[in-house]
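Chemist: Input file: query20.cif. Contents: mmCIF, C-alpha atoms.
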```
data_run
#
loop_
_atom_site.label_atom_id
_atom_site.label_comp_id
_atom_site.auth_asym_id
_atom_site.auth_seq_id
_atom_site.Cartn_x
_atom_site.Cartn_y
_atom_site.Cartn_z
CA MET R 1 0.00 0.00 0.00
CA ASN R 2 1.49 3.36 -1.03
CA LEU R 3 -0.16 6.49 0.26
CA LYS R 4 2.19 8.73 -1.70
CA ALA R 5 -0.34 8.28 -4.49
CA LEU R 6 -2.61 10.54 -2.49
CA PHE R 7 -0.18 13.41 -2.88
CA PHE R 8 1.29 12.87 -6.34
CA VAL R 9 -1.12 10.89 -8.52
CA PHE R 10 -4.05 12.66 -10.11
CA VAL R 11 -6.62 10.84 -12.16
CA PHE R 12 -8.92 13.19 -14.05
CA SER R 13 -12.07 11.14 -13.86
CA ILE R 14 -15.34 11.20 -11.96
CA LEU R 15 -16.66 8.39 -9.85
CA SER R 16 -19.01 6.13 -11.77
CA TRP R 17 -22.67 5.73 -10.85
CA GLY R 18 -24.95 2.72 -10.90
CA GLN R 19 -24.95 -1.00 -10.28
CA ALA R 20 -21.33 -1.48 -9.34
CA VAL R 21 -20.59 -4.57 -7.27
CA ARG R 22 -17.87 -6.92 -8.48
CA VAL R 23 -16.90 -9.89 -6.33
CA THR R 24 -13.81 -12.04 -6.55
CA LEU R 25 -14.42 -15.31 -4.73
CA ASN R 26 -11.49 -17.55 -3.89
CA VAL R 27 -12.14 -20.99 -2.43
CA ASN R 28 -9.48 -22.73 -0.37
CA SER R 29 -10.06 -26.49 -0.31
CA ASP R 30 -6.63 -27.62 0.93
CA LEU R 31 -8.20 -29.33 3.94
CA VAL R 32 -10.77 -31.27 1.92
CA ASP R 33 -10.28 -34.92 1.11
CA GLN R 34 -9.67 -35.14 -2.63
CA THR R 35 -12.47 -37.67 -3.01
CA ASN R 36 -14.86 -34.79 -2.18
CA ILE R 37 -13.24 -32.14 -4.37
CA ASN R 38 -15.71 -32.10 -7.29
CA PRO R 39 -18.60 -30.60 -5.27
CA VAL R 40 -16.23 -27.86 -4.12
CA LYS R 41 -15.40 -26.95 -7.72
CA THR R 42 -19.04 -26.71 -8.75
CA LEU R 43 -19.81 -24.81 -5.55
CA LYS R 44 -17.19 -22.17 -6.40
CA LYS R 45 -18.64 -21.55 -9.85
CA ALA R 46 -22.21 -21.44 -8.57
CA ALA R 47 -21.32 -19.03 -5.76
CA GLN R 48 -19.20 -16.81 -8.04
CA ASP R 49 -22.04 -16.61 -10.59
CA PHE R 50 -24.54 -15.87 -7.85
CA LEU R 51 -22.43 -13.07 -6.39
CA ASN R 52 -21.76 -11.34 -9.70
CA ASN R 53 -25.09 -11.91 -11.47
CA THR R 54 -27.32 -10.74 -8.65
CA LYS R 55 -28.32 -7.07 -8.87
CA TRP R 56 -27.43 -5.83 -5.42
CA THR R 57 -27.86 -2.11 -6.10
CA SER R 58 -29.57 0.21 -8.55
CA SER R 59 -28.51 3.48 -10.13
CA ARG R 60 -31.15 5.22 -8.03
CA GLU R 61 -29.74 3.86 -4.79
CA MET R 62 -26.06 3.72 -5.57
CA ASN R 63 -24.11 6.95 -5.71
CA ALA R 64 -20.57 5.70 -5.34
CA ALA R 65 -17.64 4.17 -7.15
CA GLU R 66 -17.60 0.58 -8.28
CA ILE R 67 -17.20 -1.71 -5.28
CA ASP R 68 -14.63 -4.47 -5.58
CA ILE R 69 -15.12 -7.14 -2.92
CA GLU R 70 -12.75 -10.00 -2.23
CA MET R 71 -13.99 -13.10 -0.44
CA LEU R 72 -11.98 -16.08 0.71
CA LEU R 73 -14.14 -19.11 1.49
CA THR R 74 -12.11 -21.78 3.25
CA ILE R 75 -13.74 -25.20 3.21
CA SER R 76 -12.53 -27.23 6.18
CA SER R 77 -14.60 -30.37 5.58
CA VAL R 78 -17.17 -31.95 3.28
CA ASN R 79 -19.44 -34.73 4.44
CA ASN R 80 -21.94 -35.77 1.77
CA ASN R 81 -23.78 -32.48 1.16
CA SER R 82 -22.68 -30.83 4.40
CA PHE R 83 -19.87 -28.27 4.34
CA ALA R 84 -17.95 -26.58 7.15
CA ALA R 85 -16.26 -23.31 6.28
CA SER R 86 -14.96 -19.89 7.25
CA LEU R 87 -15.18 -16.65 5.29
CA GLN R 88 -12.97 -13.57 5.04
CA VAL R 89 -14.44 -10.46 3.40
CA GLN R 90 -12.35 -7.48 2.31
CA SER R 91 -13.20 -4.39 0.33
CA GLY R 92 -11.78 -0.96 -0.41
CA ARG R 93 -13.12 2.45 -1.32
CA LEU R 94 -11.73 4.50 -4.20
CA VAL R 95 -10.42 7.88 -3.06
CA TYR R 96 -11.68 10.82 -5.09
CA ASN R 97 -9.29 12.16 -7.75
CA THR R 98 -6.81 9.30 -7.28
CA ASN R 99 -6.39 5.67 -8.26
CA TYR R 100 -5.85 4.72 -4.61
CA ASN R 101 -8.22 2.16 -3.13
CA SER R 102 -8.49 2.74 0.61
CA PRO R 103 -9.14 -0.44 2.65
CA LEU R 104 -12.59 -0.18 4.18
CA VAL R 105 -13.77 -3.63 5.28
CA ASN R 106 -11.95 -6.59 6.78
CA PHE R 107 -14.37 -9.08 8.34
CA PHE R 108 -13.65 -12.66 9.29
CA ASP R 109 -16.48 -15.13 9.88
CA GLU R 110 -14.74 -17.88 11.79
CA SER R 111 -17.02 -20.86 11.34
CA PHE R 112 -20.32 -21.77 9.76
CA GLY R 113 -21.95 -24.74 8.11
CA PHE R 114 -24.15 -25.11 5.08
CA THR R 115 -25.53 -27.72 2.73
CA TYR R 116 -24.93 -27.79 -1.00
CA GLN R 117 -25.95 -30.32 -3.59
CA GLU R 118 -24.13 -30.12 -6.90
CA PHE R 119 -25.79 -27.87 -9.45
CA GLN R 120 -28.52 -26.68 -7.13
CA PRO R 121 -29.65 -23.15 -8.09
CA PHE R 122 -28.80 -20.14 -5.93
CA TYR R 123 -31.50 -17.49 -5.45
CA TYR R 124 -31.39 -14.21 -3.55
CA ASP R 125 -34.48 -13.38 -1.52
CA VAL R 126 -33.83 -10.88 1.23
CA ASN R 127 -36.98 -11.92 3.10
CA ARG R 128 -36.57 -15.69 2.95
CA TYR R 129 -34.03 -18.16 4.27
CA ASN R 130 -33.19 -20.83 1.69
CA ASN R 131 -29.60 -21.86 2.25
CA ASN R 132 -27.06 -20.79 4.84
CA LEU R 133 -24.29 -20.10 2.34
CA ILE R 134 -26.58 -17.85 0.30
CA SER R 135 -27.64 -16.02 3.45
CA VAL R 136 -24.07 -15.53 4.69
CA LEU R 137 -22.82 -14.26 1.32
CA SER R 138 -25.84 -11.97 0.85
CA TYR R 139 -25.49 -10.63 4.37
CA TYR R 140 -21.87 -9.61 3.84
CA ILE R 141 -22.52 -8.09 0.41
CA ASN R 142 -25.14 -5.80 1.94
CA LEU R 143 -22.87 -5.07 4.89
CA VAL R 144 -20.04 -4.00 2.57
CA ILE R 145 -22.32 -1.85 0.40
CA GLY R 146 -23.67 -0.19 3.54
CA MET R 147 -20.16 0.66 4.73
CA GLU R 148 -19.33 2.04 1.28
CA MET R 149 -22.45 4.20 1.31
CA ASP R 150 -21.67 5.43 4.82
CA SER R 151 -18.28 6.61 3.52
CA PHE R 152 -19.97 8.88 0.96
CA SER R 153 -22.78 10.38 3.03
CA PRO R 154 -23.64 10.51 6.77
CA LEU R 155 -25.43 7.29 7.72
CA GLY R 156 -25.89 6.67 4.00
CA GLY R 157 -25.72 2.89 4.28
CA THR R 158 -28.77 2.46 6.50
CA ALA R 159 -30.95 0.89 3.78
CA TYR R 160 -28.34 -1.81 3.11
CA PHE R 161 -27.78 -2.47 6.79
CA GLU R 162 -31.53 -2.91 7.12
CA ARG R 163 -31.40 -5.52 4.35
CA ALA R 164 -28.60 -7.31 6.16
CA ARG R 165 -30.70 -7.33 9.33
CA THR R 166 -33.68 -8.68 7.38
CA ILE R 167 -31.45 -11.52 6.16
CA ALA R 168 -30.29 -12.16 9.72
CA ASN R 169 -33.85 -12.18 11.03
CA ALA R 170 -34.95 -14.67 8.38
CA ALA R 171 -31.95 -16.90 9.12
CA GLN R 172 -32.47 -16.96 12.89
CA ALA R 173 -35.28 -19.49 12.63
CA SER R 174 -32.90 -21.95 10.95
CA ASN R 175 -30.77 -22.26 14.10
CA ALA R 176 -27.69 -22.08 11.86
CA GLN R 177 -24.49 -21.02 13.58
CA GLY R 178 -23.78 -17.30 13.88
CA TRP R 179 -27.28 -15.88 13.40
CA GLN R 180 -28.64 -15.85 16.91
CA ALA R 181 -28.57 -12.69 19.01
CA ASN R 182 -26.07 -12.33 21.84
CA GLN R 183 -23.55 -14.77 20.38
CA GLY R 184 -20.74 -12.28 20.88
CA GLN R 185 -19.84 -9.00 19.27
CA ASN R 186 -18.72 -10.69 16.06
CA GLY R 187 -21.95 -12.66 15.67
CA ARG R 188 -23.71 -11.68 12.45
CA TYR R 189 -26.87 -10.50 14.16
CA ASP R 190 -24.96 -8.56 16.78
CA ILE R 191 -22.78 -6.80 14.18
CA ILE R 192 -25.74 -5.50 12.24
CA ASP R 193 -27.70 -4.69 15.40
CA ALA R 194 -24.78 -2.52 16.54
CA LEU R 195 -24.50 -0.73 13.19
CA LEU R 196 -28.18 0.18 13.28
CA SER R 197 -28.14 1.36 16.88
CA THR R 198 -27.69 5.05 17.68
CA ALA R 199 -24.88 4.04 20.04
CA PHE R 200 -22.67 3.43 16.99
CA ASN R 201 -23.52 6.63 15.13
CA ASP R 202 -20.14 8.03 16.17
CA PHE R 203 -18.47 5.12 14.40
CA ARG R 204 -20.56 5.49 11.25
CA ASN R 205 -19.99 9.25 11.19
CA LEU R 206 -16.26 8.60 11.48
CA VAL R 207 -16.43 6.35 8.41
CA TYR R 208 -17.96 9.29 6.52
CA SER R 209 -15.65 12.02 7.82
CA TYR R 210 -12.48 9.95 7.50
CA HIS R 211 -13.13 9.27 3.82
CA ARG R 212 -15.25 12.12 2.45
CA LYS R 213 -13.81 15.03 4.47
CA GLY R 214 -10.36 13.52 4.85
CA LEU R 215 -9.05 11.22 2.14
CA ASP R 216 -11.20 12.71 -0.64
CA THR R 217 -9.64 16.14 -0.04
CA MET R 218 -6.07 14.88 0.25
CA THR R 219 -4.91 15.83 -3.25
CA ASP R 220 -6.08 19.44 -2.83
CA THR R 221 -5.34 20.19 0.82
CA PRO R 222 -3.22 17.36 2.29
CA LYS R 223 -2.33 19.07 5.57
CA GLU R 224 -5.93 20.02 6.36
CA ALA R 225 -7.10 16.54 5.33
CA LYS R 226 -4.68 14.87 7.72
CA GLU R 227 -5.73 17.19 10.54
CA THR R 228 -9.36 16.27 9.85
CA ILE R 229 -8.61 12.55 9.90
CA ALA R 230 -6.67 12.83 13.17
CA ALA R 231 -9.44 14.82 14.85
CA GLN R 232 -12.15 12.45 13.60
CA LEU R 233 -10.34 9.33 14.80
CA ILE R 234 -10.18 10.81 18.29
CA THR R 235 -13.97 11.23 18.30
CA LEU R 236 -14.19 7.47 18.82
CA GLU R 237 -12.82 7.80 22.36
CA ASN R 238 -16.19 7.96 24.11
CA LEU R 239 -17.54 4.96 22.21
CA MET R 240 -14.39 2.96 22.88
CA ARG R 241 -14.61 3.78 26.57
CA ARG R 242 -18.17 2.43 26.62
CA GLN R 243 -17.45 -0.60 24.44
CA PRO R 244 -13.71 -1.25 24.52
CA ASN R 245 -13.94 -4.60 22.72
CA ALA R 246 -16.42 -3.65 20.01
CA TYR R 247 -15.83 -5.88 17.01
CA LEU R 248 -16.73 -3.19 14.47
CA ILE R 249 -14.01 -0.89 15.78
CA GLN R 250 -11.49 -3.74 15.89
CA ALA R 251 -12.34 -4.59 12.28
CA PHE R 252 -11.99 -0.93 11.29
CA PHE R 253 -8.49 -0.66 12.71
CA ASP R 254 -7.56 -4.07 11.28
CA ALA R 255 -8.33 -2.58 7.87
CA LYS R 256 -6.94 0.90 8.51
CA ALA R 257 -3.88 0.57 10.75
CA GLU R 258 -1.32 0.45 7.94
CA GLU R 259 -3.03 3.29 6.11
CA ILE R 260 -3.14 5.51 9.21
CA SER R 261 0.52 4.77 9.89
CA GLN R 262 1.53 5.78 6.36
CA LEU R 263 -0.67 8.85 6.34
CA PHE R 264 1.01 10.31 9.40
CA SER R 265 4.57 9.21 8.66
CA ASP R 266 4.72 10.91 5.25
CA GLY R 267 3.66 14.10 3.52
CA PRO R 268 2.90 17.40 5.31
CA GLU R 269 3.63 17.26 9.02
CA VAL R 270 0.76 17.80 11.43
CA GLU R 271 0.45 17.67 15.20
CA THR R 272 0.09 14.01 16.22
CA LYS R 273 0.53 14.00 20.01
CA ALA R 274 -3.18 13.74 20.78
CA LEU R 275 -3.69 11.17 18.04
CA LEU R 276 -0.83 9.02 19.30
CA ARG R 277 -2.13 9.16 22.88
CA PHE R 278 -5.52 7.99 21.61
CA LEU R 279 -4.15 5.21 19.40
CA ASN R 280 -1.69 3.85 21.94
CA ARG R 281 -4.30 3.86 24.70
CA PHE R 282 -7.28 2.49 22.82
CA VAL R 283 -5.69 0.43 20.03
CA PRO R 284 -2.51 -0.93 21.68
CA SER R 285 -2.61 -4.11 19.60
CA MET R 286 -1.50 -2.04 16.59
CA SER R 287 1.36 -0.28 18.38
CA GLY R 288 3.81 -1.55 15.77
CA TYR R 289 2.08 0.69 13.23
CA TRP R 290 1.77 3.67 15.56
CA SER R 291 5.52 3.67 16.27
CA SER R 292 6.20 4.94 12.76
CA ILE R 293 3.92 7.96 13.06
CA THR R 294 5.87 11.24 13.03
CA ARG R 295 5.90 12.76 16.48
#
```
Starting from the file, lay out its structure as structure tokens.

Modeler:
Amino acid sequence: MNLKALFFVFVFSILSWGQAVRVTLNVNSDLVDQTNINPVKTLKKAAQDFLNNTKWTSSREMNAAEIDIEMLLTISSVNNNSFAASLQVQSGRLVYNTNYNSPLVNFFDESFGFTYQEFQPFYYDVNRYNNNLISVLSYYINLVIGMEMDSFSPLGGTAYFERARTIANAAQASNAQGWQANQGQNGRYDIIDALLSTAFNDFRNLVYSYHRKGLDTMTDTPKEAKETIAAQLITLENLMRRQPNAYLIQAFFDAKAEEISQLFSDGPEVETKALLRFLNRFVPSMSGYWSSITR
């Protein structure tokens, strides 16, 4: 990742509008017995087609750059039609007037099960639970789009978060792993419940200010942009005092730590004492990144 692009690279283009979700799905089957490998191959194609052929947004709803999402589905076992897996979801957000893609989402769904019979059709119905894999993939697509929309306008992703919660509500009755409430802060229901609660408005407003008022202005006014980003990060202090182990904030800094480090170790110098106090106190797990920030 090279943040110097924010200061020196100018791309004279305007962000595109419209249906703009492109998903790259990688499937890791290293742990699967080779006698069960054929269903995994057909599953990958079916899931990839489902992700990229479903119309997740419309030009009326979507006012943002094309969203590139990367998913890594790791299959740990296959038993007849039953699969055990984990899923990592990553996505970035194109910074205005640059070709730099800022990391925005880094979620890891540790363990879930689903059934899949070769060549079965995949259908997206936000109101109905059909298959756990379809529900998990659809949930995260809407979650990522919501985060992207939040980065362009204050609380702009609410409609997509509501869709993700509808998916979670429909899946709860299945008793599938990860959908029930109060399963921990990284449970699917609990993540979306937090995003839609007013308690996390500070976090969602940070996502907007960090990107739209900070990164998007970097090519024109880099010093002021960095000062804005530093001040906005510190606004999370009250929320982090109330919920020091919030998964959403952990996931944000997992995605952003390297970027923040590079932002404040290069380019125009700004005052970083208050920012460093905040980062070292509330995000000590990333201290290796914070040590490179110019003091």

Chemist: Please, which residues in range 166-258 of chain R fall within 12 Å of range 265-276 of chain R when counting all atoms listed in the file, and what is the closest atom pair and distance in Å to one decimal for each, ordered by chain then residue number, as CSV?

Modeler:
```
residue,atom,partner,partner_atom,distance
R:Met218,CA,R:Gly267,CA,10.3
R:Thr219,CA,R:Gly267,CA,11.1
R:Thr221,CA,R:Pro268,CA,9.8
R:Pro222,CA,R:Pro268,CA,6.8
R:Lys223,CA,R:Pro268,CA,5.5
R:Glu224,CA,R:Val270,CA,8.7
R:Ala225,CA,R:Val270,CA,10.0
R:Lys226,CA,R:Val270,CA,7.2
R:Glu227,CA,R:Val270,CA,6.6
R:Thr228,CA,R:Val270,CA,10.4
R:Ile229,CA,R:Leu275,CA,9.6
R:Ala230,CA,R:Leu275,CA,5.9
R:Ala231,CA,R:Leu275,CA,7.5
R:Gln232,CA,R:Leu275,CA,9.6
R:Leu233,CA,R:Leu275,CA,7.6
R:Ile234,CA,R:Leu275,CA,6.5
R:Thr235,CA,R:Leu275,CA,10.3
R:Leu236,CA,R:Leu275,CA,11.2
R:Glu237,CA,R:Leu275,CA,10.6
R:Glu258,CA,R:Ser265,CA,10.6
```

Chemist: For Trp290 in chain R, please output as a PyMOL selection string all residues within 8 Å (counting all atoms listed in the file; exclusion window: fewer than 6 positions along the same chain).

Modeler: chain R and resi 261+276+279-280

Chemist: Applied to the shown file, which residues does the PyMOL selection byres ((chain R and resi 121) around 12) return, written as a PyMOL selection string?

Modeler: chain R and resi 42-43+45-47+49-50+116-120+122-124+130-131+134

Chemist: For the PyMOL selection byres ((chain R and resi 156-161) around 8), applied here, can you spell out every residue it catches as a PDB file with C-alpha atoms, in the frame of the given file?

Modeler:
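Result went into part-v8.pdb, see below:
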```
ATOM      1  CA  ASN R 142     -25.140  -5.800   1.940  1.00  0.00           C
ATOM      2  CA  LEU R 143     -22.870  -5.070   4.890  1.00  0.00           C
ATOM      3  CA  ILE R 145     -22.320  -1.850   0.400  1.00  0.00           C
ATOM      4  CA  GLY R 146     -23.670  -0.190   3.540  1.00  0.00           C
ATOM      5  CA  MET R 147     -20.160   0.660   4.730  1.00  0.00           C
ATOM      6  CA  GLU R 148     -19.330   2.040   1.280  1.00  0.00           C
ATOM      7  CA  MET R 149     -22.450   4.200   1.310  1.00  0.00           C
ATOM      8  CA  ASP R 150     -21.670   5.430   4.820  1.00  0.00           C
ATOM      9  CA  SER R 151     -18.280   6.610   3.520  1.00  0.00           C
ATOM     10  CA  PHE R 152     -19.970   8.880   0.960  1.00  0.00           C
ATOM     11  CA  SER R 153     -22.780  10.380   3.030  1.00  0.00           C
ATOM     12  CA  PRO R 154     -23.640  10.510   6.770  1.00  0.00           C
ATOM     13  CA  LEU R 155     -25.430   7.290   7.720  1.00  0.00           C
ATOM     14  CA  GLU R 162     -31.530  -2.910   7.120  1.00  0.00           C
ATOM     15  CA  ARG R 163     -31.400  -5.520   4.350  1.00  0.00           C
ATOM     16  CA  ALA R 164     -28.600  -7.310   6.160  1.00  0.00           C
ATOM     17  CA  ARG R 165     -30.700  -7.330   9.330  1.00  0.00           C
ATOM     18  CA  ILE R 192     -25.740  -5.500  12.240  1.00  0.00           C
ATOM     19  CA  LEU R 195     -24.500  -0.730  13.190  1.00  0.00           C
ATOM     20  CA  LEU R 196     -28.180   0.180  13.280  1.00  0.00           C
TER      21      LEU R 196
END
```

Chemist: So the first atom is CA of Val78 in chain R and the second is CA of Thr24 in chain R; what is the distance between them in Å, to one decimal place?

Modeler: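 A separation of 22.5 Å between them.
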
Chemist: Identify which of the residues R:Ile37, R:Ala171, R:Leu206, R:Ala246 lies closest to Ile191 in chain R, counting only C-alpha atoms when measuring atom-to-atom distances.

Modeler: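 Of R:Ile37, R:Ala171, R:Leu206, R:Ala246, the one nearest Ile191 in chain R, counting only C-alpha atoms, is R:Ala246.
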
Chemist: Between CA of Ile141 in chain R and CA of Arg22 in chain R, what is the spacing in Å?

Modeler: 10.1 Å

Chemist: Keeping C-alpha atoms, write range 254-269 of chain R of the structure just shown out as a PDB file, in the first residue's frame.

Modeler:
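Writing the result to decode.pdb gives the following:
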```pdb
ATOM      1  CA  ASP R 254      -7.559  -4.068  11.280  1.00  0.00           C
ATOM      2  CA  ALA R 255      -8.335  -2.585   7.872  1.00  0.00           C
ATOM      3  CA  LYS R 256      -6.945   0.898   8.506  1.00  0.00           C
ATOM      4  CA  ALA R 257      -3.879   0.566  10.753  1.00  0.00           C
ATOM      5  CA  GLU R 258      -1.323   0.453   7.943  1.00  0.00           C
ATOM      6  CA  GLU R 259      -3.027   3.292   6.107  1.00  0.00           C
ATOM      7  CA  ILE R 260      -3.143   5.507   9.208  1.00  0.00           C
ATOM      8  CA  SER R 261       0.521   4.771   9.888  1.00  0.00           C
ATOM      9  CA  GLN R 262       1.534   5.775   6.361  1.00  0.00           C
ATOM     10  CA  LEU R 263      -0.668   8.852   6.342  1.00  0.00           C
ATOM     11  CA  PHE R 264       1.012  10.308   9.401  1.00  0.00           C
ATOM     12  CA  SER R 265       4.574   9.208   8.659  1.00  0.00           C
ATOM     13  CA  ASP R 266       4.719  10.912   5.246  1.00  0.00           C
ATOM     14  CA  GLY R 267       3.662  14.102   3.524  1.00  0.00           C
ATOM     15  CA  PRO R 268       2.901  17.396   5.306  1.00  0.00           C
ATOM     16  CA  GLU R 269       3.630  17.262   9.021  1.00  0.00           C
TER      17      GLU R 269
END
```
